[in-house]
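The structure file model_2.txt is reproduced below (compact mmCIF, C-alpha atoms and all ligand atoms).
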```txt
# COMPACT_ATOMS: atom_id res chain seq x y z
CA MET A 28 9.22 -6.31 -5.77
CA LYS A 29 8.91 -6.60 -2.02
CA MET A 30 5.61 -8.09 -0.85
CA ASN A 31 3.67 -6.53 2.03
CA LYS A 32 2.63 -9.16 4.56
CA ILE A 33 0.03 -8.65 7.27
CA PHE A 34 -0.36 -11.29 9.98
CA VAL A 35 -3.91 -11.39 11.31
CA LYS A 36 -4.00 -12.91 14.74
CA ASN A 37 -6.69 -12.72 17.39
CA LYS A 38 -8.74 -15.03 19.61
CA ASN A 39 -10.32 -17.03 16.76
CA THR A 40 -8.20 -16.10 13.77
CA ASN A 41 -4.75 -16.68 12.40
CA TYR A 42 -4.02 -15.99 8.74
CA THR A 43 -1.76 -13.97 6.48
CA ILE A 44 -2.54 -11.38 3.83
CA ILE A 45 0.16 -11.19 1.16
CA ILE A 46 -0.02 -8.05 -1.00
CA GLY A 47 2.25 -7.49 -4.00
CA LYS A 48 2.93 -7.82 -7.69
CA GLY A 49 2.94 -11.55 -8.45
CA SER A 50 1.79 -12.71 -4.99
CA LEU A 51 -0.21 -15.43 -6.79
CA GLY A 52 3.15 -17.23 -7.18
CA LYS A 53 2.90 -18.13 -3.47
CA LEU A 54 -0.31 -20.12 -3.89
CA LYS A 55 1.16 -23.59 -4.41
CA THR A 56 3.50 -23.57 -1.41
CA GLN A 57 0.90 -21.91 0.82
CA ILE A 58 -1.78 -24.55 0.11
CA ASN A 59 0.77 -27.27 0.77
CA LYS A 60 1.53 -25.68 4.12
CA LEU A 61 -1.97 -24.65 5.21
CA CYS A 62 -4.13 -27.44 3.79
CA PRO A 63 -1.76 -30.45 3.59
CA LYS A 64 -4.60 -32.98 3.34
CA ALA A 65 -6.38 -31.26 0.45
CA LYS A 66 -6.84 -33.34 -2.70
CA LYS A 67 -9.58 -31.37 -4.42
CA ILE A 68 -9.91 -27.66 -5.03
CA GLY A 69 -13.22 -25.86 -5.61
CA LEU A 70 -12.25 -22.82 -7.67
CA ILE A 71 -14.98 -20.17 -7.56
CA LEU A 72 -14.10 -17.79 -10.36
CA ASP A 73 -15.21 -14.40 -11.59
CA LYS A 74 -15.80 -14.78 -15.34
CA ASN A 75 -14.25 -11.36 -16.02
CA ILE A 76 -10.79 -12.27 -14.67
CA PRO A 77 -8.27 -12.08 -17.54
CA ASN A 78 -7.62 -15.49 -19.14
CA ASP A 79 -3.87 -15.38 -18.59
CA PHE A 80 -4.47 -15.05 -14.84
CA LYS A 81 -6.92 -17.97 -14.86
CA PHE A 82 -4.25 -20.00 -16.63
CA LYS A 83 -1.60 -19.05 -14.05
CA ILE A 84 -3.87 -20.14 -11.18
CA LYS A 85 -4.61 -23.49 -12.75
CA LYS A 86 -0.88 -24.00 -13.31
CA GLN A 87 -0.28 -23.54 -9.57
CA LEU A 88 -2.94 -26.16 -8.83
CA ARG A 89 -1.72 -28.91 -11.16
CA LYS A 90 -1.33 -31.54 -8.46
CA TYR A 91 -4.97 -31.21 -7.33
CA SER A 92 -8.24 -32.30 -8.83
CA VAL A 93 -9.72 -28.87 -9.64
CA HIS A 94 -13.46 -28.22 -9.98
CA VAL A 95 -14.15 -24.84 -11.55
CA TYR A 96 -17.36 -22.92 -10.81
CA GLU A 97 -17.44 -19.78 -12.91
CA PHE A 98 -19.94 -16.93 -12.48
CA ILE A 99 -20.74 -13.54 -13.93
CA PRO A 100 -20.91 -11.40 -10.80
CA ASN A 101 -23.86 -9.18 -9.98
CA GLU A 102 -25.82 -8.59 -6.78
CA LYS A 103 -28.43 -11.14 -7.93
CA LEU A 104 -25.77 -13.86 -7.63
CA LYS A 105 -25.62 -13.09 -3.91
CA SER A 106 -28.82 -15.05 -3.23
CA PHE A 107 -29.68 -18.01 -1.06
CA LYS A 108 -30.94 -19.88 -4.10
CA LYS A 109 -27.70 -19.45 -6.06
CA ALA A 110 -25.70 -20.41 -2.94
CA ASN A 111 -27.78 -23.56 -2.59
CA ASP A 112 -27.19 -24.47 -6.26
CA LEU A 113 -23.43 -24.20 -5.73
CA LEU A 114 -23.60 -26.24 -2.50
CA GLU A 115 -25.37 -29.03 -4.41
CA ARG A 116 -22.62 -28.98 -7.06
CA LEU A 117 -19.91 -29.20 -4.38
CA ILE A 118 -21.70 -32.16 -2.80
CA LYS A 119 -21.98 -33.85 -6.18
CA ASN A 120 -18.24 -33.34 -6.76
CA ASN A 121 -17.70 -34.78 -3.27
CA LEU A 122 -15.29 -32.21 -1.83
CA SER A 123 -14.33 -33.18 1.70
CA ARG A 124 -13.75 -30.87 4.62
CA ASN A 125 -9.98 -31.32 4.14
CA ASP A 126 -10.25 -29.92 0.64
CA THR A 127 -10.10 -26.23 -0.17
CA ILE A 128 -12.26 -23.58 -1.75
CA ILE A 129 -10.51 -20.71 -3.48
CA THR A 130 -12.48 -17.60 -4.46
CA VAL A 131 -11.02 -15.45 -7.22
CA GLY A 132 -12.96 -12.28 -7.89
CA GLY A 133 -14.34 -9.03 -6.61
CA GLY A 134 -16.47 -8.50 -3.52
CA ILE A 135 -19.48 -10.24 -5.03
CA ILE A 136 -17.68 -13.52 -5.77
CA GLY A 137 -15.85 -13.20 -2.42
CA ASP A 138 -19.01 -12.67 -0.32
CA PHE A 139 -20.90 -15.40 -2.18
CA GLY A 140 -18.11 -17.99 -2.34
CA SER A 141 -17.05 -17.44 1.27
CA PHE A 142 -20.66 -17.81 2.43
CA VAL A 143 -20.87 -21.15 0.64
CA ALA A 144 -17.47 -22.24 2.07
CA SER A 145 -18.61 -21.34 5.58
CA ILE A 146 -21.67 -23.61 5.52
CA TYR A 147 -20.43 -26.44 3.28
CA LYS A 148 -19.97 -29.41 5.64
CA ARG A 149 -19.98 -26.82 8.47
CA GLY A 150 -16.92 -25.08 7.03
CA ILE A 151 -14.21 -25.99 4.53
CA ASN A 152 -10.72 -24.41 4.09
CA LEU A 153 -11.04 -21.04 2.35
CA ILE A 154 -8.48 -18.98 0.44
CA ASN A 155 -9.37 -15.58 -1.03
CA ILE A 156 -7.70 -14.14 -4.11
CA PRO A 157 -9.38 -10.72 -4.38
CA SER A 158 -9.31 -9.27 -7.89
CA THR A 159 -10.79 -5.78 -7.49
CA LEU A 160 -9.36 -2.89 -5.53
CA LEU A 161 -12.45 -2.90 -3.33
CA ALA A 162 -11.99 -6.58 -2.54
CA GLN A 163 -8.25 -6.15 -1.82
CA VAL A 164 -8.76 -3.25 0.60
CA ASP A 165 -11.93 -4.42 2.25
CA SER A 166 -14.20 -7.35 1.43
CA SER A 167 -11.64 -10.19 1.30
CA ILE A 168 -10.53 -9.58 4.89
CA GLY A 169 -12.44 -9.49 8.15
CA GLY A 170 -14.52 -12.62 7.66
CA LYS A 171 -17.97 -11.27 6.77
CA THR A 172 -19.76 -13.42 4.21
CA ALA A 173 -23.16 -12.57 2.79
CA VAL A 174 -26.02 -13.01 0.41
CA ASN A 175 -28.89 -10.57 -0.11
CA SER A 176 -32.59 -11.03 0.63
CA SER A 177 -35.64 -9.40 -0.95
CA GLY A 178 -35.86 -7.47 2.34
CA GLY A 179 -32.42 -5.89 2.01
CA LYS A 180 -28.72 -6.17 1.35
CA ASN A 181 -26.34 -8.61 3.09
CA LEU A 182 -29.07 -9.68 5.54
CA ILE A 183 -28.06 -13.36 5.43
CA GLY A 184 -24.50 -14.41 6.21
CA THR A 185 -21.86 -15.74 8.55
CA PHE A 186 -18.56 -14.72 10.10
CA TYR A 187 -15.95 -17.03 8.60
CA GLN A 188 -12.24 -16.32 8.29
CA PRO A 189 -10.08 -17.35 5.32
CA ARG A 190 -6.85 -19.35 5.82
CA LEU A 191 -5.00 -16.98 3.47
CA VAL A 192 -5.55 -13.85 1.35
CA LEU A 193 -3.38 -13.30 -1.73
CA SER A 194 -3.76 -9.80 -3.20
CA ASP A 195 -1.91 -9.77 -6.50
CA LEU A 196 -1.48 -6.21 -7.80
CA THR A 197 -1.16 -7.34 -11.42
CA LEU A 198 -4.85 -8.29 -11.29
CA LEU A 199 -5.77 -4.63 -10.92
CA LYS A 200 -4.28 -3.80 -14.32
CA SER A 201 -7.39 -4.99 -16.17
CA LEU A 202 -9.78 -3.21 -13.82
CA SER A 203 -11.90 -0.36 -15.18
CA LYS A 204 -11.50 3.20 -13.86
CA ARG A 205 -15.06 2.90 -12.53
CA ASN A 206 -14.06 -0.07 -10.36
CA LEU A 207 -10.86 1.63 -9.20
CA VAL A 208 -13.05 4.51 -7.96
CA CYS A 209 -15.25 2.00 -6.10
CA GLY A 210 -12.18 0.65 -4.31
CA PHE A 211 -11.08 4.19 -3.57
CA ALA A 212 -14.44 4.73 -1.83
CA GLU A 213 -13.68 2.10 0.83
CA ILE A 214 -10.07 3.30 1.21
CA LEU A 215 -11.36 6.84 1.71
CA LYS A 216 -13.82 5.52 4.30
CA HIS A 217 -10.98 3.91 6.26
CA SER A 218 -9.07 7.21 6.30
CA ILE A 219 -12.13 9.28 7.28
CA ILE A 220 -13.06 7.09 10.24
CA LYS A 221 -9.58 6.57 11.65
CA ASP A 222 -6.61 8.46 10.24
CA SER A 223 -6.48 12.12 9.17
CA LYS A 224 -2.82 11.79 7.99
CA PHE A 225 -3.86 8.97 5.65
CA PHE A 226 -6.73 11.16 4.39
CA LYS A 227 -4.23 13.88 3.43
CA LYS A 228 -1.94 11.32 1.79
CA LEU A 229 -4.84 9.95 -0.24
CA ASP A 230 -5.68 13.45 -1.41
CA LYS A 231 -2.11 13.64 -2.71
CA ASP A 232 -1.94 10.12 -4.19
CA LYS A 233 -5.45 9.94 -5.63
CA ASN A 234 -4.44 10.30 -9.29
CA LYS A 235 -1.88 7.52 -8.98
CA ILE A 236 -4.67 5.36 -7.53
CA PHE A 237 -7.28 6.25 -10.17
CA GLU A 238 -4.73 5.61 -12.91
CA ASN A 239 -3.26 2.59 -11.12
CA SER A 240 0.09 3.82 -12.34
CA ASP A 241 2.50 2.63 -9.69
CA PHE A 242 2.73 -0.69 -7.84
CA LYS A 243 4.41 0.79 -4.76
CA THR A 244 1.68 3.36 -4.11
CA MET A 245 -1.01 0.74 -4.71
CA GLY A 246 0.66 -1.84 -2.45
CA ASP A 247 1.22 0.64 0.38
CA THR A 248 -2.30 2.09 0.13
CA ILE A 249 -3.90 -1.37 0.16
CA SER A 250 -1.81 -2.44 3.18
CA LYS A 251 -2.66 0.72 5.12
CA SER A 252 -6.33 0.30 4.36
CA CYS A 253 -6.32 -3.37 5.46
CA LYS A 254 -4.54 -2.44 8.70
CA ILE A 255 -7.18 0.16 9.57
CA LYS A 256 -9.98 -2.29 8.88
CA LEU A 257 -8.28 -4.97 10.97
CA SER A 258 -7.81 -2.58 13.90
CA PHE A 259 -11.63 -2.59 14.22
CA VAL A 260 -12.18 -6.26 13.36
CA ASN A 261 -9.59 -7.53 15.85
CA LYS A 262 -11.32 -5.71 18.71
CA ASP A 263 -14.82 -6.78 17.77
CA GLU A 264 -14.93 -9.60 15.23
CA ARG A 265 -18.67 -10.25 15.60
CA GLU A 266 -19.69 -6.60 15.22
CA LYS A 267 -21.26 -6.12 18.61
CA ASN A 268 -19.82 -2.63 19.00
CA ASP A 269 -16.78 -0.85 17.52
CA ARG A 270 -16.74 -2.80 14.23
CA MET A 271 -19.99 -0.99 13.35
CA ILE A 272 -17.87 2.12 12.77
CA LEU A 273 -16.68 0.46 9.53
CA ASN A 274 -20.25 0.88 8.34
CA PHE A 275 -19.83 4.66 8.08
CA GLY A 276 -22.00 5.70 5.08
CA HIS A 277 -23.16 2.13 4.51
CA THR A 278 -26.65 2.38 6.03
CA PHE A 279 -27.48 4.95 3.34
CA ALA A 280 -25.56 2.97 0.71
CA HIS A 281 -27.44 -0.29 1.34
CA GLY A 282 -30.78 1.60 1.26
CA ILE A 283 -29.84 3.22 -2.06
CA GLU A 284 -28.69 -0.07 -3.61
CA ALA A 285 -31.83 -1.94 -2.52
CA ALA A 286 -34.21 0.88 -3.56
CA ASN A 287 -32.55 0.86 -6.99
CA LYS A 288 -33.08 -2.93 -7.16
CA TYR A 289 -29.32 -3.66 -7.18
CA SER A 290 -29.22 -2.30 -10.70
CA GLY A 291 -25.80 -2.35 -12.38
CA LYS A 292 -26.32 1.38 -12.96
CA ILE A 293 -25.12 2.01 -9.42
CA ASN A 294 -22.70 -0.38 -7.79
CA HIS A 295 -21.68 -0.79 -4.17
CA GLY A 296 -18.66 1.56 -4.12
CA GLU A 297 -20.64 4.34 -5.82
CA ALA A 298 -23.46 3.95 -3.28
CA VAL A 299 -20.87 4.12 -0.48
CA LEU A 300 -19.54 7.41 -1.89
CA ILE A 301 -23.07 8.88 -1.77
CA GLY A 302 -23.65 7.37 1.69
CA MET A 303 -20.48 8.90 3.15
CA ILE A 304 -21.28 12.39 1.92
CA LEU A 305 -24.82 12.12 3.32
CA ALA A 306 -23.47 10.92 6.67
CA THR A 307 -21.04 13.87 6.75
CA ARG A 308 -23.72 16.41 5.79
CA LEU A 309 -25.98 14.95 8.48
CA SER A 310 -23.10 15.21 10.99
CA TYR A 311 -22.82 18.92 10.14
CA VAL A 312 -26.59 19.54 10.37
CA LYS A 313 -26.64 17.81 13.78
CA LYS A 314 -23.62 19.94 14.84
CA VAL A 315 -21.46 16.85 15.32
CA CYS A 316 -18.77 18.03 12.90
CA SER A 317 -17.60 21.47 11.81
CA LYS A 318 -18.12 23.20 8.45
CA LYS A 319 -14.36 22.83 7.89
CA THR A 320 -14.58 19.03 8.14
CA LEU A 321 -17.55 18.94 5.77
CA ASP A 322 -15.75 21.24 3.31
CA MET A 323 -12.58 19.12 3.30
CA ILE A 324 -14.56 16.04 2.28
CA GLU A 325 -16.86 17.91 -0.15
CA ASN A 326 -13.78 19.44 -1.84
CA LEU A 327 -12.14 16.06 -2.32
CA TYR A 328 -15.38 14.80 -3.90
CA LEU A 329 -15.77 17.88 -6.10
CA SER A 330 -12.23 17.92 -7.42
CA ASN A 331 -12.54 14.24 -8.42
CA LYS A 332 -16.17 14.31 -9.61
CA LEU A 333 -17.06 11.56 -7.15
CA LEU A 334 -20.77 12.39 -7.04
CA LYS A 335 -21.63 12.20 -10.72
CA LYS A 336 -25.36 11.72 -11.45
CA TYR A 337 -26.11 10.77 -7.85
CA LEU A 338 -29.55 12.39 -7.97
CA ASN A 339 -30.59 9.67 -10.44
CA PHE A 340 -30.42 7.20 -7.56
CA LEU A 341 -31.36 9.35 -4.61
CA ASN A 342 -34.16 11.83 -5.08
CA LYS A 343 -37.38 13.02 -3.47
CA LYS A 344 -39.33 10.32 -5.36
CA ASN A 345 -37.47 7.25 -4.06
CA LEU A 346 -36.59 8.67 -0.65
CA ASN A 347 -39.37 6.78 1.18
CA LYS A 348 -38.20 3.50 -0.32
CA ILE A 349 -34.59 4.17 0.67
CA VAL A 350 -35.57 4.93 4.27
CA ASN A 351 -37.76 1.80 4.38
CA PHE A 352 -34.71 -0.30 3.47
CA MET A 353 -32.57 1.61 5.99
CA GLU A 354 -35.00 0.50 8.69
CA VAL A 355 -33.96 -3.16 8.26
CA ASP A 356 -30.23 -2.44 8.60
CA LYS A 357 -28.43 -4.96 10.81
CA LYS A 358 -27.18 -2.26 13.21
CA ASN A 359 -30.72 -1.34 14.29
CA TYR A 360 -32.17 -2.87 17.43
CA ASP A 361 -35.51 -1.06 17.65
CA LYS A 362 -37.57 1.08 15.29
CA LYS A 363 -34.83 3.71 15.03
CA ILE A 364 -32.06 3.87 12.42
CA ASN A 365 -28.63 3.56 14.04
CA LEU A 366 -26.06 5.79 12.36
CA ILE A 367 -22.33 6.36 12.59
CA LEU A 368 -21.68 10.13 12.29
CA LEU A 369 -18.42 12.02 11.91
CA ARG A 370 -16.89 14.24 14.61
CA LYS A 371 -13.81 15.16 12.59
CA ILE A 372 -11.64 13.41 10.03
CA GLY A 373 -10.21 10.42 11.89
CA LEU A 374 -12.93 10.28 14.56
CA THR A 375 -16.57 9.11 14.45
CA THR A 376 -19.37 8.89 16.98
CA LYS A 377 -19.79 5.61 18.87
CA PRO A 378 -22.30 3.01 17.66
CA GLY A 379 -25.71 3.63 19.22
CA GLN A 380 -25.06 7.31 19.97
CA TYR A 381 -27.09 8.68 17.02
CA ARG A 382 -30.39 7.04 16.24
CA LEU A 383 -33.14 8.60 14.12
CA SER A 384 -36.75 7.53 13.63
CA PRO A 385 -37.67 6.85 9.98
CA GLY A 386 -39.82 10.02 10.02
CA GLU A 387 -36.89 12.18 11.21
CA MET A 388 -34.65 10.51 8.64
CA LYS A 389 -37.01 11.36 5.76
CA LYS A 390 -37.23 14.99 6.89
CA VAL A 391 -33.49 15.48 7.26
CA LEU A 392 -32.68 13.65 4.00
CA LYS A 393 -34.89 16.11 2.07
CA LYS A 394 -32.71 18.91 3.45
CA ILE A 395 -29.29 17.38 2.71
CA ILE A 396 -29.57 15.73 -0.71
N1 LIG A 401 -17.61 -8.79 3.10
C1 LIG A 401 -17.27 -7.54 3.31
O1 LIG A 401 -16.71 -7.18 4.35
C2 LIG A 401 -17.56 -6.52 2.23
C3 LIG A 401 -16.99 -5.24 2.32
C4 LIG A 401 -17.22 -4.33 1.27
C5 LIG A 401 -18.02 -4.70 0.20
N2 LIG A 401 -18.57 -5.94 0.17
C6 LIG A 401 -19.39 -6.38 -0.99
O2 LIG A 401 -18.57 -6.35 -2.16
C7 LIG A 401 -19.41 -6.22 -3.31
C8 LIG A 401 -18.79 -5.24 -4.28
O3 LIG A 401 -17.53 -5.73 -4.70
P1 LIG A 401 -16.75 -5.16 -5.99
O4 LIG A 401 -16.80 -3.69 -5.99
O5 LIG A 401 -15.45 -5.84 -6.02
O6 LIG A 401 -17.71 -5.58 -7.19
P2 LIG A 401 -17.75 -6.86 -8.15
O7 LIG A 401 -17.44 -8.09 -7.43
O8 LIG A 401 -19.05 -6.75 -8.86
O9 LIG A 401 -16.60 -6.54 -9.21
C9 LIG A 401 -16.73 -5.42 -10.05
C10 LIG A 401 -16.57 -5.78 -11.53
O10 LIG A 401 -15.20 -5.99 -11.81
C11 LIG A 401 -15.04 -7.22 -12.53
N3 LIG A 401 -13.69 -7.71 -12.22
C12 LIG A 401 -13.28 -8.34 -11.10
N4 LIG A 401 -11.96 -8.50 -11.13
C13 LIG A 401 -11.51 -8.00 -12.29
C14 LIG A 401 -10.24 -7.87 -12.88
N5 LIG A 401 -9.13 -8.25 -12.25
N6 LIG A 401 -10.15 -7.29 -14.10
C15 LIG A 401 -11.27 -6.85 -14.74
N7 LIG A 401 -12.49 -6.93 -14.22
C16 LIG A 401 -12.62 -7.50 -13.01
C17 LIG A 401 -16.15 -8.08 -12.02
O11 LIG A 401 -16.44 -9.12 -12.92
C18 LIG A 401 -17.29 -7.05 -11.94
O12 LIG A 401 -17.85 -6.85 -13.20
C19 LIG A 401 -20.76 -5.80 -2.80
O13 LIG A 401 -21.67 -6.87 -2.89
C20 LIG A 401 -20.53 -5.45 -1.34
O14 LIG A 401 -21.65 -5.64 -0.54
C21 LIG A 401 -18.35 -6.84 1.15
```

This structure in structure tokens:
Amino acid sequence: MKMNKIFVKNKNTNYTIIIGKGSLGKLKTQINKLCPKAKKIGLILDKNIPNDFKFKIKKQLRKYSVHVYEFIPNEKLKSFKKANDLLERLIKNNLSRNDTIITVGGGIIGDFGSFVASIYKRGINLINIPSTLLAQVDSSIGGKTAVNSSGGKNLIGTFYQPRLVLSDLTLLKSLSKRNLVCGFAEILKHSIIKDSKFFKKLDKDKNKIFENSDFKTMGDTISKSCKIKLSFVNKDEREKNDRMILNFGHTFAHGIEAANKYSGKINHGEAVLIGMILATRLSYVKKVCSKKTLDMIENLYLSNKLLKKYLNFLNKKNLNKIVNFMEVDKKNYDKKINLILLRKIGLTTKPGQYRLSPGEMKKVLKKII
């Protein structure tokens, strides 16, 4: 099968994303080329990766001294304390800056492992092998690393680019439907903020994506999604302006996740789905988008049951808590909550254009949930 390759090149970055069935087979030659002085590999692994895939990775790394650090991913792993524990283990195993860290996992392992790689000896070679749909379309690219704080989600982190991203489509075969839907959430976001044609195509292809039934559709959808994300990242790597548009729906999502104590009952992609519908309803209430735009998105949600049980996580009782967490969002620069709203499918408002006080936010949320 033909691999999709994306070359990411801007002022500070130069790496390749290889997407395809069996792209893992490129690992050995790519490390040789990109990290020729590496002798040791720190392999940061998601425990839930199928064993045969773990075996294949280790086979590719035979010539290196491999140190494996395996974790069960949950949002509690994304903590400064857990990052420090891993840093101490890397120091004990004496990895040098010429060596390489490889993360293999979903967004949680990716965010956590990349954060550690970015501060270990002021930065060590990093390769990402994303293993969930969400990680392949979003979190493994763009260079944001993060851990959470008791004050909110992803509040501690760095910008640090990988040397290579290998998205192997065979990894998605063991993924649950629930996690495929979470990946779909970020793909849908990319279409809503930038590309109405892609939105229509997703509406057509959604069953193939939820069933993960066809490598070509998956490969093309992942590539398209990465390209949209990169179009924002390449203009504004450090998120001073346009990159904030990628946070469409995420201010709500982070508030919901934190107010629900990062419980496994609601995961990131599900919170993003709720966040995007709230942002669209708010856009309609504020007369930023039309009823037709709202209906198109609501219909896609309804026909795929994308908002199941959302009132368990967002209701009049925990609304104050959610807004309190929204107040510490990284996009804010004063007491107001900075939101990205939707003008129409494919076009959002600019960062900083719509800012609501916490009081206004509570009032309007009561109306739109
Ligand atoms: N850095 C960024 O730019 C960025 C962007 C979007 C999201 N994120 C972060 O990503 C995280 C969510 O990532 P996620 O949705 O991938 O969740 P996750 O990492 O928790 O993975 C979901 C589940 O799938 C399991 N899993 C992983 N690969 C598997 C495989 N191949 N087969 C079977 N099971 C597998 C994991 O063990 C986990 O139980 C959040 O913390 C979010 O904040 C970061």

Problem set entry | Residue neighbourhood Lys267 of chain A, 12 Å, all atoms listed in the file, exclusion window fewer than 5 positions, as a list in words |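 Listing them by chain and then by number gives Phe259, Val260, Lys262, Ile272, Lys357, Lys358, Asn359, Tyr360, Lys377, Pro378 and Gly379 of chain A.
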
Exercise. Which residues come within 8 Å of Ile293 of chain A, counting all atoms listed in the file, excluding same-chain residues fewer than 5 positions away, as a list of chain:residue names?
Worked result: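 Here the qualifying residues turn out to be A:Glu284, A:Asn287, A:Ala298, A:Phe340.
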
For this session: Name the residues, by chain letter and number, that sit within 8 Å of ligand LIG 401 (chain A) using all atoms listed in the file, and give them as a PyMOL selection string.
Result: chain A and resi 73-77+99-102+105+132-138+157-162+165-173+180-181+198-203+206+209-210+213+294-296

Same residues, C-alpha atoms, saved as a compact mmCIF listing (two decimals), in the frame of the given file:
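Result saved to out-v9.txt:
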```txt
# COMPACT_ATOMS: atom_id res chain seq x y z
CA ASP A 73 -15.21 -14.40 -11.59
CA LYS A 74 -15.80 -14.78 -15.34
CA ASN A 75 -14.25 -11.36 -16.02
CA ILE A 76 -10.79 -12.27 -14.67
CA PRO A 77 -8.27 -12.08 -17.54
CA ILE A 99 -20.74 -13.54 -13.93
CA PRO A 100 -20.91 -11.40 -10.80
CA ASN A 101 -23.86 -9.18 -9.98
CA GLU A 102 -25.82 -8.59 -6.78
CA LYS A 105 -25.62 -13.09 -3.91
CA GLY A 132 -12.96 -12.28 -7.89
CA GLY A 133 -14.34 -9.03 -6.61
CA GLY A 134 -16.47 -8.50 -3.52
CA ILE A 135 -19.48 -10.24 -5.03
CA ILE A 136 -17.68 -13.52 -5.77
CA GLY A 137 -15.85 -13.20 -2.42
CA ASP A 138 -19.01 -12.67 -0.32
CA PRO A 157 -9.38 -10.72 -4.38
CA SER A 158 -9.31 -9.27 -7.89
CA THR A 159 -10.79 -5.78 -7.49
CA LEU A 160 -9.36 -2.89 -5.53
CA LEU A 161 -12.45 -2.90 -3.33
CA ALA A 162 -11.99 -6.58 -2.54
CA ASP A 165 -11.93 -4.42 2.25
CA SER A 166 -14.20 -7.35 1.43
CA SER A 167 -11.64 -10.19 1.30
CA ILE A 168 -10.53 -9.58 4.89
CA GLY A 169 -12.44 -9.49 8.15
CA GLY A 170 -14.52 -12.62 7.66
CA LYS A 171 -17.97 -11.27 6.77
CA THR A 172 -19.76 -13.42 4.21
CA ALA A 173 -23.16 -12.57 2.79
CA LYS A 180 -28.72 -6.17 1.35
CA ASN A 181 -26.34 -8.61 3.09
CA LEU A 198 -4.85 -8.29 -11.29
CA LEU A 199 -5.77 -4.63 -10.92
CA LYS A 200 -4.28 -3.80 -14.32
CA SER A 201 -7.39 -4.99 -16.17
CA LEU A 202 -9.78 -3.21 -13.82
CA SER A 203 -11.90 -0.36 -15.18
CA ASN A 206 -14.06 -0.07 -10.36
CA CYS A 209 -15.25 2.00 -6.10
CA GLY A 210 -12.18 0.65 -4.31
CA GLU A 213 -13.68 2.10 0.83
CA ASN A 294 -22.70 -0.38 -7.79
CA HIS A 295 -21.68 -0.79 -4.17
CA GLY A 296 -18.66 1.56 -4.12
```

For this session: Would you please work out which residue, of A:Lys227, A:Lys103, A:Arg265, A:Lys119, is nearest to Tyr187 of chain A when using all atoms listed in the file?
Result: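 Of the candidates, the smallest distance to Tyr187 of chain A is held by A:Arg265.
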
For this session: Check the smallest atom-to-atom distance from each of A:Ile367, A:Lys394, A:Ile304, A:Arg124 to Asn268 of chain A using all atoms listed in the file, then report the winner.
Result: A:Ile367

Exercise. Please, what distance in Å, to one decimal, runs between atom CA of Phe80 of chain A and atom CA of Leu113 of chain A?
Worked result: 22.9 Å

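Proximity to Thr127 of chain A at 8 Å, evaluated using all atoms listed in the file and with sequence-adjacent residues fewer than 4 positions away removed, yields Cys62, Ala65, Lys67, Ile68, Gly69, Ile151, Asn152, Leu153 and Ile154 of chain A.
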
Mind dumping the selected residues with C-alpha atoms as a PDB file, in the coordinates of the input?
```pdb
ATOM      1  CA  CYS A  62      -4.130 -27.440   3.790  1.00  0.00           C
ATOM      2  CA  ALA A  65      -6.380 -31.260   0.450  1.00  0.00           C
ATOM      3  CA  LYS A  67      -9.580 -31.370  -4.420  1.00  0.00           C
ATOM      4  CA  ILE A  68      -9.910 -27.660  -5.030  1.00  0.00           C
ATOM      5  CA  GLY A  69     -13.220 -25.860  -5.610  1.00  0.00           C
ATOM      6  CA  ILE A 151     -14.210 -25.990   4.530  1.00  0.00           C
ATOM      7  CA  ASN A 152     -10.720 -24.410   4.090  1.00  0.00           C
ATOM      8  CA  LEU A 153     -11.040 -21.040   2.350  1.00  0.00           C
ATOM      9  CA  ILE A 154      -8.480 -18.980   0.440  1.00  0.00           C
TER      10      ILE A 154
END
```

For this session: Can you work out which one of A:Met245, A:Lys83, A:Leu70, A:Asn125 has the shortest atom-to-atom distance to Phe98 of chain A, counting all atoms listed in the file?
Result: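 Looking at the shortest contact to Phe98 of chain A, the residue is A:Leu70.
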
Problem set entry | Nearest to Leu61 of chain A, chosen from A:Phe242, A:Tyr311, A:Phe82, A:Tyr42, with only C-alpha atoms counted in the distances |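 When distances to Leu61 of chain A are compared using only C-alpha atoms, the smallest one comes from A:Tyr42.
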
For this session: List the neighbours of Gln87 of chain A out to 12 Å using all atoms listed in the file; skip same-chain residues closer than 3 positions along the sequence, and give me the result as number ranges by chain.
Result: A: 50-59, 68, 80-84, 90-93

For this session: May I ask for the distance between atom CA of Phe186 of chain A and atom CA of Glu115 of chain A, given in Å to one decimal place?
Result: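 Distance reported for this atom pair: 21.5 Å.
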
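Taking only C-alpha atoms into account, Phe279 of chain A lies nearest to A:Met353 out of the set A:Leu300, A:Leu182, A:Met353, A:Ala144.
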
Problem set entry | Nearest to Val143 of chain A, chosen from A:Leu374, A:Arg116, A:Val164, A:Leu193, with all atoms listed in the file counted in the distances |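 Among A:Leu374, A:Arg116, A:Val164, A:Leu193, it is A:Arg116 that comes nearest to Val143 of chain A.
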
Exercise. To one decimal place, how far is atom CA of Lys335 of chain A from atom CA of Gly373 of chain A in Å?
Worked result: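 Interatomic distance here is 25.4 Å.
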
Problem set entry | Spatial neighbours of Asp361 of chain A, max dist 12 Å, only C-alpha atoms, sep filter under 2 positions, as number ranges by chain | A: 354-359, 363-365, 379, 382-385
